[in-house]
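Trainee: File target.pdb follows (PDB, C-alpha atoms):
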ATOM      1  CA  MET P   1       0.999  -7.688  10.719
ATOM      2  CA  ARG P   2       2.008 -10.740   8.687
ATOM      3  CA  VAL P   3      -0.852 -12.286   6.702
ATOM      4  CA  VAL P   4      -1.034 -15.599   4.848
ATOM      5  CA  SER P   5      -3.895 -16.144   2.407
ATOM      6  CA  LEU P   6      -5.060 -19.670   1.629
ATOM      7  CA  LEU P   7      -7.642 -18.514  -0.912
ATOM      8  CA  PRO P   8      -7.297 -16.571  -4.173
ATOM      9  CA  SER P   9     -10.431 -14.601  -3.243
ATOM     10  CA  ALA P  10      -8.971 -13.721   0.153
ATOM     11  CA  THR P  11      -5.779 -12.550  -1.524
ATOM     12  CA  GLU P  12      -7.833 -10.152  -3.635
ATOM     13  CA  ILE P  13      -9.660  -8.871  -0.558
ATOM     14  CA  ILE P  14      -6.442  -8.374   1.400
ATOM     15  CA  CYS P  15      -4.925  -6.354  -1.430
ATOM     16  CA  GLY P  16      -8.182  -4.489  -2.046
ATOM     17  CA  ILE P  17      -8.249  -3.118   1.497
ATOM     18  CA  GLY P  18      -4.665  -1.930   1.284
ATOM     19  CA  LEU P  19      -2.781  -4.765   2.986
ATOM     20  CA  ARG P  20      -0.647  -5.938   0.072
ATOM     21  CA  ASP P  21       2.551  -5.150   1.976
ATOM     22  CA  SER P  22       1.350  -7.273   4.909
ATOM     23  CA  LEU P  23       0.756 -10.311   2.696
ATOM     24  CA  VAL P  24       3.660 -12.731   3.143
ATOM     25  CA  GLY P  25       2.301 -16.016   1.754
ATOM     26  CA  VAL P  26      -0.271 -17.221  -0.781
ATOM     27  CA  THR P  27      -1.565 -20.375  -2.480
ATOM     28  CA  HIS P  28      -0.417 -21.945  -5.718
ATOM     29  CA  GLU P  29      -3.621 -20.591  -7.306
ATOM     30  CA  CYS P  30      -3.323 -16.940  -6.226
ATOM     31  CA  ASP P  31      -2.804 -14.913  -9.404
ATOM     32  CA  PHE P  32      -4.451 -11.531  -8.815
ATOM     33  CA  PRO P  33      -3.364  -8.809  -8.398
ATOM     34  CA  PRO P  34      -0.469  -9.899 -10.637
ATOM     35  CA  ASP P  35       2.238  -8.815  -8.202
ATOM     36  CA  VAL P  36       1.282 -11.518  -5.678
ATOM     37  CA  VAL P  37       2.563 -14.241  -7.989
ATOM     38  CA  GLY P  38       6.117 -13.953  -6.673
ATOM     39  CA  LEU P  39       5.199 -14.377  -3.007
ATOM     40  CA  PRO P  40       6.058 -17.586  -1.097
ATOM     41  CA  VAL P  41       3.589 -20.377  -1.887
ATOM     42  CA  VAL P  42       2.310 -22.477   1.007
ATOM     43  CA  THR P  43       0.011 -24.951  -0.791
ATOM     44  CA  ALA P  44       0.108 -27.492  -3.614
ATOM     45  CA  SER P  45      -2.548 -29.441  -5.485
ATOM     46  CA  ARG P  46      -2.659 -33.232  -5.405
ATOM     47  CA  ILE P  47      -4.627 -33.263  -8.663
ATOM     48  CA  PRO P  48      -2.219 -34.062 -11.531
ATOM     49  CA  LYS P  49      -2.056 -31.543 -14.347
ATOM     50  CA  GLY P  50      -3.369 -32.414 -17.778
ATOM     51  CA  LEU P  51      -6.336 -34.553 -16.723
ATOM     52  CA  ALA P  52      -9.559 -34.465 -18.717
ATOM     53  CA  SER P  53     -12.638 -33.048 -16.994
ATOM     54  CA  ASP P  54     -14.240 -36.443 -16.364
ATOM     55  CA  GLU P  55     -10.966 -37.687 -14.855
ATOM     56  CA  ILE P  56     -10.797 -34.655 -12.562
ATOM     57  CA  ASP P  57     -14.382 -35.242 -11.451
ATOM     58  CA  THR P  58     -13.705 -38.909 -10.702
ATOM     59  CA  LEU P  59     -10.535 -38.115  -8.770
ATOM     60  CA  VAL P  60     -12.184 -35.361  -6.739
ATOM     61  CA  SER P  61     -15.234 -37.517  -5.962
ATOM     62  CA  ASP P  62     -13.083 -40.465  -4.883
ATOM     63  CA  GLN P  63     -10.891 -38.338  -2.635
ATOM     64  CA  LEU P  64     -13.834 -36.599  -1.007
ATOM     65  CA  GLU P  65     -15.534 -39.947  -0.309
ATOM     66  CA  THR P  66     -12.418 -41.197   1.464
ATOM     67  CA  ASP P  67     -11.730 -37.856   3.198
ATOM     68  CA  SER P  68      -8.426 -37.651   1.357
ATOM     69  CA  ALA P  69      -6.933 -34.194   0.958
ATOM     70  CA  LEU P  70      -7.016 -32.526  -2.446
ATOM     71  CA  TYR P  71      -4.408 -29.980  -1.410
ATOM     72  CA  SER P  72      -1.320 -30.069   0.751
ATOM     73  CA  LEU P  73      -0.120 -27.387   3.137
ATOM     74  CA  ASN P  74       3.624 -26.796   3.319
ATOM     75  CA  GLU P  75       4.243 -26.617   7.055
ATOM     76  CA  PRO P  76       7.946 -25.646   6.925
ATOM     77  CA  VAL P  77       7.230 -22.710   4.611
ATOM     78  CA  LEU P  78       4.205 -21.632   6.637
ATOM     79  CA  ARG P  79       6.144 -21.861   9.879
ATOM     80  CA  GLY P  80       8.992 -19.827   8.405
ATOM     81  CA  LEU P  81       6.603 -17.056   7.386
ATOM     82  CA  ALA P  82       5.496 -16.652  11.020
ATOM     83  CA  PRO P  83       2.009 -15.333  10.235
ATOM     84  CA  ASP P  84      -0.135 -13.387  12.676
ATOM     85  CA  LEU P  85      -3.261 -13.967  10.569
ATOM     86  CA  ILE P  86      -4.255 -16.830   8.260
ATOM     87  CA  VAL P  87      -7.298 -16.388   6.028
ATOM     88  CA  THR P  88      -8.879 -19.609   4.762
ATOM     89  CA  GLN P  89     -12.322 -21.102   4.071
ATOM     90  CA  ALA P  90     -14.658 -23.768   5.379
ATOM     91  CA  LEU P  91     -17.148 -23.789   2.512
ATOM     92  CA  CYS P  92     -15.752 -26.254  -0.012
ATOM     93  CA  ASP P  93     -13.059 -28.926   0.335
ATOM     94  CA  VAL P  94     -12.729 -28.956  -3.460
ATOM     95  CA  CYS P  95     -11.638 -25.315  -3.448
ATOM     96  CA  ALA P  96      -8.833 -25.122  -0.893
ATOM     97  CA  VAL P  97      -7.026 -26.764   2.009
ATOM     98  CA  SER P  98      -9.566 -27.984   4.567
ATOM     99  CA  ALA P  99     -10.317 -25.642   7.451
ATOM    100  CA  GLY P 100      -9.671 -28.426   9.952
ATOM    101  CA  GLU P 101      -6.143 -28.967   8.693
ATOM    102  CA  VAL P 102      -5.433 -25.232   8.780
ATOM    103  CA  ASN P 103      -6.732 -24.853  12.327
ATOM    104  CA  GLU P 104      -4.721 -27.841  13.504
ATOM    105  CA  MET P 105      -1.525 -26.515  11.970
ATOM    106  CA  ALA P 106      -2.118 -22.994  13.288
ATOM    107  CA  CYS P 107      -2.146 -24.393  16.814
ATOM    108  CA  GLN P 108       1.346 -25.754  16.217
ATOM    109  CA  LEU P 109       2.787 -22.436  15.042
ATOM    110  CA  PRO P 110       4.594 -20.139  17.465
ATOM    111  CA  GLY P 111       2.772 -17.101  18.791
ATOM    112  CA  ASP P 112      -0.907 -16.236  18.796
ATOM    113  CA  VAL P 113      -1.961 -17.026  15.235
ATOM    114  CA  ARG P 114      -5.503 -16.046  14.318
ATOM    115  CA  VAL P 115      -7.377 -18.076  11.695
ATOM    116  CA  VAL P 116     -10.323 -16.503   9.881
ATOM    117  CA  ASN P 117     -12.650 -18.849   7.964
ATOM    118  CA  LEU P 118     -14.688 -17.426   5.091
ATOM    119  CA  GLU P 119     -17.928 -19.274   4.259
ATOM    120  CA  PRO P 120     -19.932 -17.175   1.779
ATOM    121  CA  THR P 121     -22.925 -18.843   0.126
ATOM    122  CA  CYS P 122     -24.540 -15.794  -1.505
ATOM    123  CA  LEU P 123     -23.446 -12.491  -3.014
ATOM    124  CA  GLN P 124     -24.020 -10.486   0.166
ATOM    125  CA  ASP P 125     -21.960 -13.021   2.112
ATOM    126  CA  VAL P 126     -19.134 -12.544  -0.374
ATOM    127  CA  LEU P 127     -19.289  -8.767  -0.001
ATOM    128  CA  ASP P 128     -19.365  -9.052   3.775
ATOM    129  CA  THR P 129     -16.170 -11.128   3.819
ATOM    130  CA  VAL P 130     -14.421  -7.844   3.043
ATOM    131  CA  LEU P 131     -15.602  -6.510   6.402
ATOM    132  CA  LEU P 132     -14.676  -9.757   8.150
ATOM    133  CA  VAL P 133     -11.117  -9.709   6.839
ATOM    134  CA  GLY P 134     -10.824  -5.995   7.559
ATOM    135  CA  ALA P 135     -11.882  -6.492  11.169
ATOM    136  CA  ALA P 136      -9.434  -9.365  11.660
ATOM    137  CA  ALA P 137      -6.600  -7.330  10.161
ATOM    138  CA  GLY P 138      -7.397  -4.172  12.099
ATOM    139  CA  CYS P 139      -8.270  -1.964   9.121
ATOM    140  CA  THR P 140     -12.034  -1.596   9.438
ATOM    141  CA  ALA P 141     -12.206   1.862   7.853
ATOM    142  CA  ALA P 142     -10.490   0.817   4.621
ATOM    143  CA  ALA P 143     -12.592  -2.348   4.487
ATOM    144  CA  ALA P 144     -15.802  -0.354   4.966
ATOM    145  CA  THR P 145     -14.877   1.992   2.109
ATOM    146  CA  TYR P 146     -14.058  -0.906  -0.216
ATOM    147  CA  HIS P 147     -17.223  -2.760   0.811
ATOM    148  CA  ALA P 148     -19.359   0.326   0.141
ATOM    149  CA  GLU P 149     -17.969   0.710  -3.383
ATOM    150  CA  LEU P 150     -18.628  -2.944  -4.220
ATOM    151  CA  CYS P 151     -22.189  -2.633  -2.875
ATOM    152  CA  ARG P 152     -22.719   0.539  -4.916
ATOM    153  CA  ARG P 153     -21.854  -1.311  -8.116
ATOM    154  CA  VAL P 154     -24.201  -4.189  -7.260
ATOM    155  CA  ASN P 155     -27.023  -1.784  -6.444
ATOM    156  CA  GLN P 156     -26.437   0.065  -9.704
ATOM    157  CA  VAL P 157     -26.943  -3.125 -11.707
ATOM    158  CA  ALA P 158     -29.999  -4.069  -9.642
ATOM    159  CA  ALA P 159     -31.566  -0.635 -10.154
ATOM    160  CA  ARG P 160     -31.047  -0.718 -13.917
ATOM    161  CA  THR P 161     -32.551  -4.195 -14.094
ATOM    162  CA  ALA P 162     -35.586  -3.219 -12.017
ATOM    163  CA  ALA P 163     -36.208  -0.101 -14.093
ATOM    164  CA  ALA P 164     -35.766  -1.412 -17.610
ATOM    165  CA  VAL P 165     -35.861  -5.214 -17.881
ATOM    166  CA  PRO P 166     -39.267  -6.567 -18.973
ATOM    167  CA  ALA P 167     -41.234  -9.007 -16.856
ATOM    168  CA  LEU P 168     -40.571 -11.842 -19.313
ATOM    169  CA  ARG P 169     -36.913 -12.550 -18.739
ATOM    170  CA  PRO P 170     -34.580 -14.995 -20.495
ATOM    171  CA  ARG P 171     -34.139 -18.360 -18.808
ATOM    172  CA  VAL P 172     -30.451 -18.759 -17.998
ATOM    173  CA  ALA P 173     -28.360 -21.825 -17.189
ATOM    174  CA  ILE P 174     -24.811 -21.332 -15.928
ATOM    175  CA  LEU P 175     -22.777 -24.519 -16.153
ATOM    176  CA  GLU P 176     -19.882 -24.975 -13.731
ATOM    177  CA  TRP P 177     -18.653 -28.258 -15.259
ATOM    178  CA  LEU P 178     -19.345 -30.095 -18.512
ATOM    179  CA  ASP P 179     -18.301 -33.726 -17.980
ATOM    180  CA  PRO P 180     -20.360 -34.497 -16.023
ATOM    181  CA  ILE P 181     -22.612 -31.453 -16.102
ATOM    182  CA  TYR P 182     -22.870 -29.361 -12.939
ATOM    183  CA  ASP P 183     -25.023 -26.274 -12.668
ATOM    184  CA  GLY P 184     -23.750 -23.243 -10.764
ATOM    185  CA  GLY P 185     -24.914 -23.123  -7.138
ATOM    186  CA  HIS P 186     -24.502 -20.725  -4.221
ATOM    187  CA  TRP P 187     -24.528 -17.171  -5.656
ATOM    188  CA  TYR P 188     -25.146 -18.074  -9.313
ATOM    189  CA  PRO P 189     -28.987 -17.917  -9.254
ATOM    190  CA  GLU P 190     -28.781 -14.561  -7.478
ATOM    191  CA  LEU P 191     -26.384 -13.169 -10.083
ATOM    192  CA  ILE P 192     -28.762 -14.264 -12.836
ATOM    193  CA  GLU P 193     -31.736 -12.532 -11.216
ATOM    194  CA  LEU P 194     -29.848  -9.301 -10.517
ATOM    195  CA  ALA P 195     -28.596  -9.268 -14.113
ATOM    196  CA  GLY P 196     -32.121  -9.574 -15.495
ATOM    197  CA  GLY P 197     -32.581 -13.276 -16.117
ATOM    198  CA  THR P 198     -34.508 -16.196 -14.644
ATOM    199  CA  PRO P 199     -32.361 -19.056 -13.318
ATOM    200  CA  CYS P 200     -33.194 -22.422 -14.842
ATOM    201  CA  PHE P 201     -31.980 -24.029 -11.637
ATOM    202  CA  GLY P 202     -33.194 -21.571  -9.048
ATOM    203  CA  GLU P 203     -32.163 -22.850  -5.631
ATOM    204  CA  GLN P 204     -29.999 -20.186  -4.043
ATOM    205  CA  GLN P 205     -27.274 -20.700  -1.451
ATOM    206  CA  ARG P 206     -26.744 -24.399  -2.111
ATOM    207  CA  PRO P 207     -23.722 -26.122  -3.665
ATOM    208  CA  SER P 208     -23.480 -26.792  -7.378
ATOM    209  CA  ARG P 209     -25.339 -29.935  -8.347
ATOM    210  CA  ARG P 210     -24.753 -32.656 -10.892
ATOM    211  CA  ARG P 211     -27.315 -32.595 -13.701
ATOM    212  CA  SER P 212     -28.081 -35.011 -16.490
ATOM    213  CA  TRP P 213     -28.152 -33.844 -20.087
ATOM    214  CA  GLY P 214     -31.862 -34.620 -20.064
ATOM    215  CA  GLU P 215     -32.401 -32.218 -17.160
ATOM    216  CA  LEU P 216     -30.691 -29.416 -19.045
ATOM    217  CA  MET P 217     -32.740 -30.140 -22.155
ATOM    218  CA  ALA P 218     -35.921 -30.165 -20.055
ATOM    219  CA  VAL P 219     -35.389 -26.696 -18.562
ATOM    220  CA  ALA P 220     -34.906 -25.338 -22.104
ATOM    221  CA  PRO P 221     -32.540 -22.430 -21.375
ATOM    222  CA  ASP P 222     -32.711 -19.332 -23.552
ATOM    223  CA  VAL P 223     -29.115 -18.542 -22.601
ATOM    224  CA  VAL P 224     -26.313 -20.901 -21.577
ATOM    225  CA  VAL P 225     -23.176 -19.576 -19.912
ATOM    226  CA  VAL P 226     -20.234 -21.955 -19.531
ATOM    227  CA  SER P 227     -18.280 -20.901 -16.437
ATOM    228  CA  LEU P 228     -16.024 -23.806 -15.530
ATOM    229  CA  CYS P 229     -14.762 -23.850 -11.964
ATOM    230  CA  GLY P 230     -11.029 -23.187 -11.846
ATOM    231  CA  PHE P 231     -10.656 -22.873 -15.640
ATOM    232  CA  ASP P 232      -9.668 -19.757 -17.567
ATOM    233  CA  LEU P 233     -11.015 -19.031 -21.043
ATOM    234  CA  GLU P 234      -8.254 -20.919 -22.828
ATOM    235  CA  ARG P 235      -8.809 -24.084 -20.790
ATOM    236  CA  THR P 236     -12.587 -23.696 -20.984
ATOM    237  CA  ALA P 237     -12.448 -23.549 -24.781
ATOM    238  CA  LEU P 238     -10.913 -27.031 -24.837
ATOM    239  CA  ASP P 239     -14.002 -28.441 -23.110
ATOM    240  CA  ILE P 240     -16.654 -26.741 -25.246
ATOM    241  CA  PRO P 241     -17.010 -29.811 -27.552
ATOM    242  CA  LEU P 242     -18.236 -31.697 -24.459
ATOM    243  CA  LEU P 243     -21.305 -29.457 -24.709
ATOM    244  CA  THR P 244     -21.680 -28.827 -28.427
ATOM    245  CA  GLY P 245     -21.130 -32.490 -29.298
ATOM    246  CA  ARG P 246     -24.058 -33.790 -27.240
ATOM    247  CA  SER P 247     -27.088 -35.279 -28.943
ATOM    248  CA  GLY P 248     -29.845 -32.692 -29.174
ATOM    249  CA  TYR P 249     -27.562 -29.708 -28.597
ATOM    250  CA  GLY P 250     -28.943 -28.047 -31.710
ATOM    251  CA  MET P 251     -32.473 -28.164 -30.258
ATOM    252  CA  LEU P 252     -31.697 -26.109 -27.161
ATOM    253  CA  PRO P 253     -33.438 -22.722 -27.388
ATOM    254  CA  ALA P 254     -30.103 -21.098 -26.534
ATOM    255  CA  THR P 255     -28.466 -22.831 -29.483
ATOM    256  CA  VAL P 256     -31.261 -21.909 -31.868
ATOM    257  CA  SER P 257     -31.034 -18.238 -30.863
ATOM    258  CA  ASP P 258     -27.210 -18.253 -30.818
ATOM    259  CA  GLN P 259     -27.002 -17.487 -27.100
ATOM    260  CA  ILE P 260     -24.267 -19.833 -25.872
ATOM    261  CA  TYR P 261     -21.350 -18.125 -24.125
ATOM    262  CA  MET P 262     -18.259 -18.874 -22.099
ATOM    263  CA  VAL P 263     -16.611 -16.801 -19.385
ATOM    264  CA  ASP P 264     -13.467 -16.980 -17.265
ATOM    265  CA  GLY P 265     -14.773 -18.943 -14.302
ATOM    266  CA  ASN P 266     -11.414 -19.045 -12.567
ATOM    267  CA  SER P 267     -11.004 -15.272 -12.355
ATOM    268  CA  TYR P 268     -14.624 -14.312 -11.961
ATOM    269  CA  PHE P 269     -17.755 -16.383 -11.425
ATOM    270  CA  SER P 270     -16.405 -19.256  -9.327
ATOM    271  CA  ARG P 271     -14.087 -17.067  -7.221
ATOM    272  CA  PRO P 272     -16.033 -15.621  -4.255
ATOM    273  CA  GLY P 273     -14.142 -12.370  -3.934
ATOM    274  CA  PRO P 274     -14.402  -8.749  -5.075
ATOM    275  CA  ARG P 275     -14.469  -9.710  -8.750
ATOM    276  CA  LEU P 276     -17.778 -11.465  -8.238
ATOM    277  CA  VAL P 277     -19.141  -7.943  -8.741
ATOM    278  CA  ASP P 278     -17.316  -7.873 -12.086
ATOM    279  CA  SER P 279     -19.037 -11.185 -12.837
ATOM    280  CA  LEU P 280     -22.423  -9.591 -12.224
ATOM    281  CA  GLU P 281     -21.573  -6.728 -14.572
ATOM    282  CA  ILE P 282     -20.355  -9.157 -17.250
ATOM    283  CA  LEU P 283     -23.532 -11.243 -16.971
ATOM    284  CA  ALA P 284     -25.796  -8.185 -17.001
ATOM    285  CA  ASN P 285     -24.107  -6.905 -20.156
ATOM    286  CA  LEU P 286     -24.469 -10.337 -21.756
ATOM    287  CA  LEU P 287     -28.211 -10.531 -21.038
ATOM    288  CA  HIS P 288     -29.181  -6.886 -21.581
ATOM    289  CA  PRO P 289     -26.419  -4.912 -23.312
ATOM    290  CA  GLU P 290     -28.855  -2.119 -24.125
ATOM    291  CA  ILE P 291     -29.167  -1.151 -20.447
ATOM    292  CA  HIS P 292     -26.031  -2.623 -18.883
ATOM    293  CA  PRO P 293     -22.878  -1.246 -20.537
ATOM    294  CA  LEU P 294     -19.705  -3.198 -19.927
ATOM    295  CA  PRO P 295     -17.390  -1.180 -17.654
ATOM    296  CA  GLN P 296     -14.356   0.212 -19.429
ATOM    297  CA  GLY P 297     -11.455  -2.212 -19.605
ATOM    298  CA  MET P 298     -13.518  -5.247 -18.588
ATOM    299  CA  MET P 299     -13.633  -8.263 -20.897
ATOM    300  CA  GLY P 300     -17.129  -9.502 -21.633
ATOM    301  CA  ALA P 301     -18.424 -12.996 -22.265
ATOM    302  CA  VAL P 302     -17.244 -14.848 -25.370
ATOM    303  CA  LYS P 303     -19.911 -16.197 -27.704
ATOM    304  CA  ILE P 304     -19.534 -19.838 -28.698
ATOM    305  CA  PRO P 305     -20.092 -20.261 -32.460
ATOM    306  CA  ASN P 306     -23.425 -21.827 -33.338
ATOM    307  CA  THR P 307     -22.217 -25.153 -34.704
ATOM    308  CA  PRO P 308     -24.559 -27.837 -33.407
TER     309      PRO P 308
END
Any chance you could give the structure as structure tokens?
Mentor:
Amino acid sequence: MRVVSLLPSATEIICGIGLRDSLVGVTHECDFPPDVVGLPVVTASRIPKGLASDEIDTLVSDQLETDSALYSLNEPVLRGLAPDLIVTQALCDVCAVSAGEVNEMACQLPGDVRVVNLEPTCLQDVLDTVLLVGAAAGCTAAAATYHAELCRRVNQVAARTAAAVPALRPRVAILEWLDPIYDGGHWYPELIELAGGTPCFGEQQRPSRRRSWGELMAVAPDVVVVSLCGFDLERTALDIPLLTGRSGYGMLPATVSDQIYMVDGNSYFSRPGPRLVDSLEILANLLHPEIHPLPQGMMGAVKIPNTP
């Protein structure tokens, strides 16, 4: 089988269930496992590099309003790869090539090309995409084993939280963007609850939402986690002044108690793949290190210095 992945999370799933050798094409954003980086790339971003966060937000908003594509699909490369299976998504046009464009192009490719759309909106959905990809690729047994191990880790965190975390839990805000501010949607509130916190913005399974600075001040978070969509730690660090420089930042309970953190949103929290379980373990360790040890070799959250 020849598989093309149009999602970094799908690439991780495909490799996780033992199909690395079947993977023939990836996106420009696929970076894990590291050995996929040299594979043929079938997508490109139309967002120029080097833009500030507010410029990215404006560009994305304008393009979505006009139904303009944020990403391009390289048809000649895709056609040359002759895939049997294409794994893509239909959840978010900001995250990848649109599902409609992929389906249309698949119909033009030779042979019987199957397209699988992943649309997870909660943690269980994310875990179940492993089974979906496994079924499409004809390796259900390996997918079931991988799925069971991911579920075991989630259940382990949930059990520790239920047994040892007090009823009064810290109020947690995870921010997916800083200029303008967006809170984390979809699976973020669920991760917070499983890790032993109370989400400040508690609507599960809905997209991230733009918030005013006044709204964030009003919910008075005890803990703030900066998890910028598509940004690694190095890029996230450049945007931290957009938070710490705001009027009233020093009055946030999280600032007063020195509980402001940043994490690698690109690799973990905003990528709906197997490492969303890592994200849960990182968050649980951040909130309750006394009961949730950080797994060996995993990098935890980085505390932002208290400099209001």
Trainee: Point out the residue among P:Asp183, P:Glu55, P:Asp278, P:Glu215 with the least atom-to-atom distance to Asp264 in chain P, counting all atoms listed in the file.
Mentor: P:Asp278
Trainee: Which residues would end up in the selection if the PyMOL selection byres ((chain P and resi 57-59) around 12) were applied here, given that I need the answer as a VMD selection string?
Mentor: chain P and resid 46 to 48 51 to 56 60 to 66 68 to 70 94 176 to 182 210 229
Trainee: Run the PyMOL selection byres ((chain P and resi 269) around 12) on the file and write out the hits as a PDB file with C-alpha atoms, in the coordinates of the input.
Mentor:
ATOM      1  CA  SER P   9     -10.431 -14.601  -3.243  1.00  0.00           C
ATOM      2  CA  LEU P 123     -23.446 -12.491  -3.014  1.00  0.00           C
ATOM      3  CA  VAL P 126     -19.134 -12.544  -0.374  1.00  0.00           C
ATOM      4  CA  ILE P 174     -24.811 -21.332 -15.928  1.00  0.00           C
ATOM      5  CA  LEU P 175     -22.777 -24.519 -16.153  1.00  0.00           C
ATOM      6  CA  GLU P 176     -19.882 -24.975 -13.731  1.00  0.00           C
ATOM      7  CA  GLY P 184     -23.750 -23.243 -10.764  1.00  0.00           C
ATOM      8  CA  GLY P 185     -24.914 -23.123  -7.138  1.00  0.00           C
ATOM      9  CA  HIS P 186     -24.502 -20.725  -4.221  1.00  0.00           C
ATOM     10  CA  TRP P 187     -24.528 -17.171  -5.656  1.00  0.00           C
ATOM     11  CA  TYR P 188     -25.146 -18.074  -9.313  1.00  0.00           C
ATOM     12  CA  PRO P 189     -28.987 -17.917  -9.254  1.00  0.00           C
ATOM     13  CA  GLU P 190     -28.781 -14.561  -7.478  1.00  0.00           C
ATOM     14  CA  LEU P 191     -26.384 -13.169 -10.083  1.00  0.00           C
ATOM     15  CA  ILE P 192     -28.762 -14.264 -12.836  1.00  0.00           C
ATOM     16  CA  VAL P 225     -23.176 -19.576 -19.912  1.00  0.00           C
ATOM     17  CA  VAL P 226     -20.234 -21.955 -19.531  1.00  0.00           C
ATOM     18  CA  SER P 227     -18.280 -20.901 -16.437  1.00  0.00           C
ATOM     19  CA  LEU P 228     -16.024 -23.806 -15.530  1.00  0.00           C
ATOM     20  CA  CYS P 229     -14.762 -23.850 -11.964  1.00  0.00           C
ATOM     21  CA  GLY P 230     -11.029 -23.187 -11.846  1.00  0.00           C
ATOM     22  CA  PHE P 231     -10.656 -22.873 -15.640  1.00  0.00           C
ATOM     23  CA  ASP P 232      -9.668 -19.757 -17.567  1.00  0.00           C
ATOM     24  CA  MET P 262     -18.259 -18.874 -22.099  1.00  0.00           C
ATOM     25  CA  VAL P 263     -16.611 -16.801 -19.385  1.00  0.00           C
ATOM     26  CA  ASP P 264     -13.467 -16.980 -17.265  1.00  0.00           C
ATOM     27  CA  GLY P 265     -14.773 -18.943 -14.302  1.00  0.00           C
ATOM     28  CA  ASN P 266     -11.414 -19.045 -12.567  1.00  0.00           C
ATOM     29  CA  SER P 267     -11.004 -15.272 -12.355  1.00  0.00           C
ATOM     30  CA  TYR P 268     -14.624 -14.312 -11.961  1.00  0.00           C
ATOM     31  CA  SER P 270     -16.405 -19.256  -9.327  1.00  0.00           C
ATOM     32  CA  ARG P 271     -14.087 -17.067  -7.221  1.00  0.00           C
ATOM     33  CA  PRO P 272     -16.033 -15.621  -4.255  1.00  0.00           C
ATOM     34  CA  GLY P 273     -14.142 -12.370  -3.934  1.00  0.00           C
ATOM     35  CA  PRO P 274     -14.402  -8.749  -5.075  1.00  0.00           C
ATOM     36  CA  ARG P 275     -14.469  -9.710  -8.750  1.00  0.00           C
ATOM     37  CA  LEU P 276     -17.778 -11.465  -8.238  1.00  0.00           C
ATOM     38  CA  VAL P 277     -19.141  -7.943  -8.741  1.00  0.00           C
ATOM     39  CA  ASP P 278     -17.316  -7.873 -12.086  1.00  0.00           C
ATOM     40  CA  SER P 279     -19.037 -11.185 -12.837  1.00  0.00           C
ATOM     41  CA  LEU P 280     -22.423  -9.591 -12.224  1.00  0.00           C
ATOM     42  CA  GLU P 281     -21.573  -6.728 -14.572  1.00  0.00           C
ATOM     43  CA  ILE P 282     -20.355  -9.157 -17.250  1.00  0.00           C
ATOM     44  CA  LEU P 283     -23.532 -11.243 -16.971  1.00  0.00           C
ATOM     45  CA  ALA P 301     -18.424 -12.996 -22.265  1.00  0.00           C
TER      46      ALA P 301
END
Trainee: Which of these residues is nearest to Leu85 in chain P, using all atoms listed in the file: P:Thr145, P:Ser72, P:Thr121, P:Ser5?
Mentor: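 Result for the nearest residue to Leu85 in chain P: P:Ser5.
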Trainee: Starting from the PyMOL selection byres ((chain P and resi 23-34) around 10), expand the selection into actual residues of this file and give them as a ChimeraX atom specification.
Mentor: /P:1-12,14-16,19-22,35-45,71,73,77-78,81-83,85-87,96-97,230,266-267
Trainee: Given the point (-33.3, -19.8, -25.6) in the coordinates of this file, which residues lie within 9 Å, counting all atoms listed in the file, and how would they look as a short mmCIF file (atom, residue, chain, number, x, y, z; two decimals) with C-alpha atoms, in the coordinates of the input?
Mentor:
data_model
loop_
_atom_site.label_atom_id
_atom_site.label_comp_id
_atom_site.auth_asym_id
_atom_site.auth_seq_id
_atom_site.Cartn_x
_atom_site.Cartn_y
_atom_site.Cartn_z
CA PRO P 170 -34.58 -15.00 -20.50
CA ARG P 171 -34.14 -18.36 -18.81
CA VAL P 172 -30.45 -18.76 -18.00
CA ALA P 220 -34.91 -25.34 -22.10
CA PRO P 221 -32.54 -22.43 -21.38
CA ASP P 222 -32.71 -19.33 -23.55
CA VAL P 223 -29.12 -18.54 -22.60
CA VAL P 224 -26.31 -20.90 -21.58
CA LEU P 252 -31.70 -26.11 -27.16
CA PRO P 253 -33.44 -22.72 -27.39
CA ALA P 254 -30.10 -21.10 -26.53
CA THR P 255 -28.47 -22.83 -29.48
CA VAL P 256 -31.26 -21.91 -31.87
CA SER P 257 -31.03 -18.24 -30.86
CA ASP P 258 -27.21 -18.25 -30.82
CA GLN P 259 -27.00 -17.49 -27.10
#
Trainee: Using only C-alpha atoms, which of the listed residues (P:Glu290, P:Gly18, P:Cys139, P:Asp84) sits closest to Asp112 in chain P?
Mentor: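 Checking each of P:Glu290, P:Gly18, P:Cys139, P:Asp84 against Asp112 in chain P, counting only C-alpha atoms, the winner is P:Asp84.
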Trainee: Provide range 245-249 of chain P rebuilt to N, CA and C atoms, formatted as a JSON list (two decimals), in the frame of the given file.
Mentor:
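The resulting file, part36.json, is shown below:
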[["chain", "number", "residue", "atom", "x", "y", "z"],
["P", 245, "GLY", "N", -21.08, -31.18, -28.66],
["P", 245, "GLY", "CA", -21.13, -32.49, -29.30],
["P", 245, "GLY", "C", -22.22, -33.40, -28.78],
["P", 246, "ARG", "N", -23.01, -32.94, -27.82],
["P", 246, "ARG", "CA", -24.06, -33.79, -27.24],
["P", 246, "ARG", "C", -25.27, -33.90, -28.17],
["P", 247, "SER", "N", -25.89, -35.05, -28.13],
["P", 247, "SER", "CA", -27.09, -35.28, -28.94],
["P", 247, "SER", "C", -28.20, -34.33, -28.52],
["P", 248, "GLY", "N", -28.77, -33.62, -29.47],
["P", 248, "GLY", "CA", -29.84, -32.69, -29.17],
["P", 248, "GLY", "C", -29.39, -31.28, -28.86],
["P", 249, "TYR", "N", -28.07, -31.05, -28.90],
["P", 249, "TYR", "CA", -27.56, -29.71, -28.60],
["P", 249, "TYR", "C", -28.20, -28.66, -29.50]]
